[in-house]
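Notes follow once the structure below has been shown.
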Amino acid sequence: MKPVRPHTRFRRLLPAFGLACAALSIPPAGSIAHATLQGCPDSDNGGIGKMIIGSLEDLGAVSARTRRNLLAAFEMRFERADAELKSVAKVIYCPDRRIQGAGSFDESVISILNDEQVLLEVGARPDGSDIVVAYVVIPVRRYEFFGPPPAGMQGYHEAIYEMSRISSGLDELFRGNAELRLMAALALAVRHEKIAEAVSGDADRKNMMLRAGAYYCDAVGSIESAQPRPGLLGLDQDEWDEIGAYARAGADRMVEKISQEFGTASVTDAIEAVREGTAAAGRGCGEALPPADGG
Amino acid sequence: MVRRPASSLIKTGVMFFLGYLLIQSVELDLKQAQFTADAADKLKEYIVTLNGENAPGGEAQYQATALALGGFGGVAAYPLVETIDRGDERRIAWGKVGLEQAGRIAPDETCRVLEAVIDDPTRSYKWLTRKTAVEVACSVGCLSARGPLGRLKGSLDGMSELTALQRRDFAAVIDEALSRLERAASRQKGWRLN
């Protein structure tokens, strides 16, 4: 009989051990067809996206009551932005999810989050006497920063707020939610633009392009109110400039595409519809949009 | 003085030599068994760490654990696939790192596992797991995965759980893998001709 070589025996035994270990240690997945999100309750929205708010528990310097207030205000404003944009995105609060800087949103993680239809992730951390709120615009980071070709906008942006503002007024902290709305609009714009490229039917494609144009315009309209504040608060000036240019270029690009493929009158109609009429007033994009008669 | 015949000395020598070989063989077996048990313990420890919460070293420790697990080669491939299939986005990314490591150490065995996941005849895996397997097969250079990749590409339209954008992005990943593997295959062919 041919002797069994030690390493062969080792190799024969290990798979059984490995599989047994795997079976014992990995929690059962059940019947869900999508991946879970770290620190989040399981959520399959079945729509166009998820917006994730990470844990705010790291803000240990503030009282528990203030922290609760902050979270409530944040969620309320987030949902308001979501409702105004008339998206079908779902806001998910993830109590065990902590944001750890741009480095932790590498290509693999971003690709999975994008596949899981996450639009935007928001997280906050204390930084001395300030609070840093990080916004990860998933579609921008997936399609622009990681390409191809890899370049362009980072899709990871931090805004600085004074810690004292938490106590002095929550409305003041997020200043009418300008950054949040800007980032949400950008995320929705890029996601809709990419969907428009992927769908095959003309009607679906037109609908997605119109919505993408509307969201880019909404981002353009939110730029001014998200302008960096004195004392280096808010967004970084260079990033703000870059985001503004990106949103305007996106709006121009969509308007041009829509005009070429479907005519101009429908562009303004759709944007009015998405903004629910009143929101359109003074929201910019006027210079980028062709007039309703197409002239 | 009695003189032993030479044959008796030879017999004694042979007996000593055989005894020595026997002892060595038993020792080797014992050491091997110990090594197997230690390795299995390590394997189990790594899998538990990778799938557990709050590792003291944080993200770096998870990365290191995935790499160490991948160091077991093909043996680690299925546990890593299970981690990817059941994990959140971070575990999927770490599992991918581990699978790539396993593929570098034991390409044949790992590629066989990846091909099985890509083909997935029993529809046991999530589509994200299959997509990850495609990416790893590409980065590891599994030339034999070209067949399964072609079949997967052909079946994308029938995967009703995918949105249009997910389908397009998935198709792009498959195309990229096929193109890179074809290039690798043609380079290999060129070297053989030379």
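Naming works like this for the structure tokens: A, B, ... for the chains as they're shown, residue 1 at the start of each chain, ligands 1 onward in shown order.
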* segment 145-153 of chain B environment, 7 Å, only C-alpha atoms, sequence neighbours closer than 5 positions dropped, as an MDAnalysis selection string -> chainID B and resid 115 118:119 137 171 174 178
Near-Arg183 of chain B list (10 Å; only C-alpha atoms; drop same-chain fewer than 6 positions) as a compact mmCIF listing (two decimals) with N, CA and C atoms, in the first residue's frame:
```
# COMPACT_ATOMS: atom_id res chain seq x y z
N LEU B 143 -7.43 31.10 -14.99
CA LEU B 143 -7.72 30.95 -16.42
C LEU B 143 -8.87 29.98 -16.66
N ALA B 177 -13.07 40.91 -16.15
CA ALA B 177 -12.39 39.67 -15.75
C ALA B 177 -12.07 38.83 -16.99
N LYS B 189 0.36 31.54 -23.61
CA LYS B 189 0.50 30.80 -24.87
C LYS B 189 1.74 31.28 -25.61
```
Can you tell me, as a PDB file with N, CA and C atoms, in the first residue's frame, which residues in segment 122-231 of chain A count as strand (DSSP E) by DSSP?
```pdb
ATOM      1  N   VAL A 122     -23.816  59.188   6.600  1.00  0.00           N
ATOM      2  CA  VAL A 122     -23.477  60.362   7.407  1.00  0.00           C
ATOM      3  C   VAL A 122     -23.057  59.890   8.789  1.00  0.00           C
ATOM      4  N   GLY A 123     -21.978  60.447   9.282  1.00  0.00           N
ATOM      5  CA  GLY A 123     -21.537  60.096  10.627  1.00  0.00           C
ATOM      6  C   GLY A 123     -20.876  61.289  11.280  1.00  0.00           C
ATOM      7  N   ALA A 124     -20.889  61.316  12.580  1.00  0.00           N
ATOM      8  CA  ALA A 124     -20.295  62.453  13.290  1.00  0.00           C
ATOM      9  C   ALA A 124     -19.297  61.967  14.316  1.00  0.00           C
ATOM     10  N   ARG A 125     -18.269  62.792  14.544  1.00  0.00           N
ATOM     11  CA  ARG A 125     -17.309  62.480  15.597  1.00  0.00           C
ATOM     12  C   ARG A 125     -16.851  63.787  16.235  1.00  0.00           C
ATOM     13  N   PRO A 126     -16.551  63.735  17.538  1.00  0.00           N
ATOM     14  CA  PRO A 126     -16.056  64.948  18.190  1.00  0.00           C
ATOM     15  C   PRO A 126     -14.605  65.191  17.812  1.00  0.00           C
ATOM     16  N   ASP A 127     -14.219  66.459  17.753  1.00  0.00           N
ATOM     17  CA  ASP A 127     -12.838  66.795  17.447  1.00  0.00           C
ATOM     18  C   ASP A 127     -12.480  68.044  18.258  1.00  0.00           C
ATOM     19  N   ASP A 130     -14.930  70.958  18.524  1.00  0.00           N
ATOM     20  CA  ASP A 130     -15.776  70.926  17.318  1.00  0.00           C
ATOM     21  C   ASP A 130     -16.412  69.554  17.123  1.00  0.00           C
ATOM     22  N   ILE A 131     -17.372  69.534  16.220  1.00  0.00           N
ATOM     23  CA  ILE A 131     -17.942  68.266  15.770  1.00  0.00           C
ATOM     24  C   ILE A 131     -17.674  68.170  14.277  1.00  0.00           C
ATOM     25  N   VAL A 132     -17.173  67.032  13.859  1.00  0.00           N
ATOM     26  CA  VAL A 132     -16.933  66.822  12.429  1.00  0.00           C
ATOM     27  C   VAL A 132     -18.025  65.880  11.923  1.00  0.00           C
ATOM     28  N   VAL A 133     -18.775  66.340  10.942  1.00  0.00           N
ATOM     29  CA  VAL A 133     -19.781  65.483  10.322  1.00  0.00           C
ATOM     30  C   VAL A 133     -19.251  65.064   8.951  1.00  0.00           C
ATOM     31  N   ALA A 134     -19.141  63.753   8.767  1.00  0.00           N
ATOM     32  CA  ALA A 134     -18.626  63.222   7.498  1.00  0.00           C
ATOM     33  C   ALA A 134     -19.783  62.773   6.617  1.00  0.00           C
ATOM     34  N   TYR A 135     -19.715  63.114   5.351  1.00  0.00           N
ATOM     35  CA  TYR A 135     -20.726  62.720   4.368  1.00  0.00           C
ATOM     36  C   TYR A 135     -20.025  61.860   3.308  1.00  0.00           C
ATOM     37  N   VAL A 136     -20.458  60.640   3.153  1.00  0.00           N
ATOM     38  CA  VAL A 136     -19.892  59.788   2.108  1.00  0.00           C
ATOM     39  C   VAL A 136     -20.955  59.632   1.018  1.00  0.00           C
ATOM     40  N   VAL A 137     -20.701  60.270  -0.107  1.00  0.00           N
ATOM     41  CA  VAL A 137     -21.661  60.232  -1.215  1.00  0.00           C
ATOM     42  C   VAL A 137     -21.297  59.004  -2.067  1.00  0.00           C
ATOM     43  N   TYR A 156     -16.140  61.904  -0.397  1.00  0.00           N
ATOM     44  CA  TYR A 156     -16.048  61.883   1.073  1.00  0.00           C
ATOM     45  C   TYR A 156     -15.767  63.306   1.515  1.00  0.00           C
ATOM     46  N   HIS A 157     -16.702  63.886   2.242  1.00  0.00           N
ATOM     47  CA  HIS A 157     -16.548  65.294   2.606  1.00  0.00           C
ATOM     48  C   HIS A 157     -16.855  65.488   4.092  1.00  0.00           C
ATOM     49  N   GLU A 158     -16.073  66.350   4.701  1.00  0.00           N
ATOM     50  CA  GLU A 158     -16.289  66.602   6.129  1.00  0.00           C
ATOM     51  C   GLU A 158     -16.652  68.064   6.335  1.00  0.00           C
ATOM     52  N   ALA A 159     -17.629  68.274   7.191  1.00  0.00           N
ATOM     53  CA  ALA A 159     -18.007  69.642   7.557  1.00  0.00           C
ATOM     54  C   ALA A 159     -17.786  69.796   9.055  1.00  0.00           C
ATOM     55  N   ILE A 160     -17.265  70.959   9.443  1.00  0.00           N
ATOM     56  CA  ILE A 160     -16.952  71.190  10.861  1.00  0.00           C
ATOM     57  C   ILE A 160     -17.994  72.116  11.477  1.00  0.00           C
ATOM     58  N   TYR A 161     -18.442  71.744  12.630  1.00  0.00           N
ATOM     59  CA  TYR A 161     -19.409  72.555  13.377  1.00  0.00           C
ATOM     60  C   TYR A 161     -18.858  72.761  14.784  1.00  0.00           C
ATOM     61  N   GLU A 162     -19.258  73.874  15.385  1.00  0.00           N
ATOM     62  CA  GLU A 162     -18.822  74.110  16.761  1.00  0.00           C
ATOM     63  C   GLU A 162     -19.658  73.280  17.708  1.00  0.00           C
TER      64      GLU A 162
END
```
Taking only residues of chain B that have an atom at most 9 Å from an atom of chain A, what is each one's shortest atom pair and its distance in Å to one decimal, using only C-alpha atoms, in chain and number order, as JSON lines?
```
{"residue": "B:Leu28", "atom": "CA", "partner": "A:Pro6", "partner_atom": "CA", "distance": 8.1}
{"residue": "B:Asp29", "atom": "CA", "partner": "A:Pro6", "partner_atom": "CA", "distance": 7.3}
{"residue": "B:Gln32", "atom": "CA", "partner": "A:Pro6", "partner_atom": "CA", "distance": 6.5}
{"residue": "B:Ala33", "atom": "CA", "partner": "A:Phe10", "partner_atom": "CA", "distance": 8.0}
{"residue": "B:Phe35", "atom": "CA", "partner": "A:Phe10", "partner_atom": "CA", "distance": 8.4}
{"residue": "B:Thr36", "atom": "CA", "partner": "A:Phe10", "partner_atom": "CA", "distance": 5.8}
{"residue": "B:Ala37", "atom": "CA", "partner": "A:Leu14", "partner_atom": "CA", "distance": 8.9}
{"residue": "B:Ala39", "atom": "CA", "partner": "A:Leu14", "partner_atom": "CA", "distance": 8.0}
{"residue": "B:Ala40", "atom": "CA", "partner": "A:Phe17", "partner_atom": "CA", "distance": 6.0}
{"residue": "B:Asp41", "atom": "CA", "partner": "A:Phe17", "partner_atom": "CA", "distance": 8.6}
{"residue": "B:Leu43", "atom": "CA", "partner": "A:Gly18", "partner_atom": "CA", "distance": 6.5}
{"residue": "B:Lys44", "atom": "CA", "partner": "A:Cys21", "partner_atom": "CA", "distance": 5.3}
{"residue": "B:Glu45", "atom": "CA", "partner": "A:Cys21", "partner_atom": "CA", "distance": 8.6}
{"residue": "B:Ile47", "atom": "CA", "partner": "A:Ala22", "partner_atom": "CA", "distance": 6.4}
{"residue": "B:Val48", "atom": "CA", "partner": "A:Ser25", "partner_atom": "CA", "distance": 5.5}
{"residue": "B:Asn51", "atom": "CA", "partner": "A:Ile26", "partner_atom": "CA", "distance": 6.1}
{"residue": "B:Gly52", "atom": "CA", "partner": "A:Ser25", "partner_atom": "CA", "distance": 8.3}
{"residue": "B:Glu59", "atom": "CA", "partner": "A:Ser104", "partner_atom": "CA", "distance": 8.5}
{"residue": "B:Gly74", "atom": "CA", "partner": "A:Pro15", "partner_atom": "CA", "distance": 8.5}
{"residue": "B:Val75", "atom": "CA", "partner": "A:Pro15", "partner_atom": "CA", "distance": 5.2}
{"residue": "B:Ala76", "atom": "CA", "partner": "A:Gly18", "partner_atom": "CA", "distance": 6.7}
{"residue": "B:Tyr78", "atom": "CA", "partner": "A:Leu19", "partner_atom": "CA", "distance": 7.0}
{"residue": "B:Pro79", "atom": "CA", "partner": "A:Ala22", "partner_atom": "CA", "distance": 5.2}
{"residue": "B:Leu80", "atom": "CA", "partner": "A:Ala22", "partner_atom": "CA", "distance": 8.4}
{"residue": "B:Glu82", "atom": "CA", "partner": "A:Ala22", "partner_atom": "CA", "distance": 7.3}
{"residue": "B:Thr83", "atom": "CA", "partner": "A:Ile26", "partner_atom": "CA", "distance": 6.9}
{"residue": "B:Ile84", "atom": "CA", "partner": "A:Ala35", "partner_atom": "CA", "distance": 8.9}
{"residue": "B:Asp85", "atom": "CA", "partner": "A:Ala35", "partner_atom": "CA", "distance": 7.6}
{"residue": "B:Arg86", "atom": "CA", "partner": "A:Ala29", "partner_atom": "CA", "distance": 5.4}
{"residue": "B:Gly87", "atom": "CA", "partner": "A:Ala35", "partner_atom": "CA", "distance": 6.6}
{"residue": "B:Asp88", "atom": "CA", "partner": "A:Thr36", "partner_atom": "CA", "distance": 4.6}
{"residue": "B:Glu89", "atom": "CA", "partner": "A:Val109", "partner_atom": "CA", "distance": 5.8}
{"residue": "B:Arg90", "atom": "CA", "partner": "A:Val109", "partner_atom": "CA", "distance": 6.3}
{"residue": "B:Arg91", "atom": "CA", "partner": "A:Gln38", "partner_atom": "CA", "distance": 8.7}
{"residue": "B:Ile92", "atom": "CA", "partner": "A:Val109", "partner_atom": "CA", "distance": 8.0}
{"residue": "B:Ala93", "atom": "CA", "partner": "A:Ser108", "partner_atom": "CA", "distance": 5.6}
{"residue": "B:Lys96", "atom": "CA", "partner": "A:Ser108", "partner_atom": "CA", "distance": 8.5}
{"residue": "B:Tyr125", "atom": "CA", "partner": "A:Ala33", "partner_atom": "CA", "distance": 8.5}
{"residue": "B:Lys126", "atom": "CA", "partner": "A:Ala33", "partner_atom": "CA", "distance": 5.7}
{"residue": "B:Trp127", "atom": "CA", "partner": "A:Ala33", "partner_atom": "CA", "distance": 7.8}
{"residue": "B:Leu128", "atom": "CA", "partner": "A:His34", "partner_atom": "CA", "distance": 7.5}
{"residue": "B:Glu161", "atom": "CA", "partner": "A:Ala33", "partner_atom": "CA", "distance": 8.2}
{"residue": "B:Thr163", "atom": "CA", "partner": "A:Ile195", "partner_atom": "CA", "distance": 8.9}
{"residue": "B:Ala164", "atom": "CA", "partner": "A:Ala198", "partner_atom": "CA", "distance": 5.6}
{"residue": "B:Leu165", "atom": "CA", "partner": "A:Ile195", "partner_atom": "CA", "distance": 5.3}
{"residue": "B:Gln166", "atom": "CA", "partner": "A:Asp115", "partner_atom": "CA", "distance": 6.2}
{"residue": "B:Arg167", "atom": "CA", "partner": "A:Ala198", "partner_atom": "CA", "distance": 8.1}
{"residue": "B:Arg168", "atom": "CA", "partner": "A:Ala198", "partner_atom": "CA", "distance": 6.0}
{"residue": "B:Asp169", "atom": "CA", "partner": "A:Asp115", "partner_atom": "CA", "distance": 8.5}
```
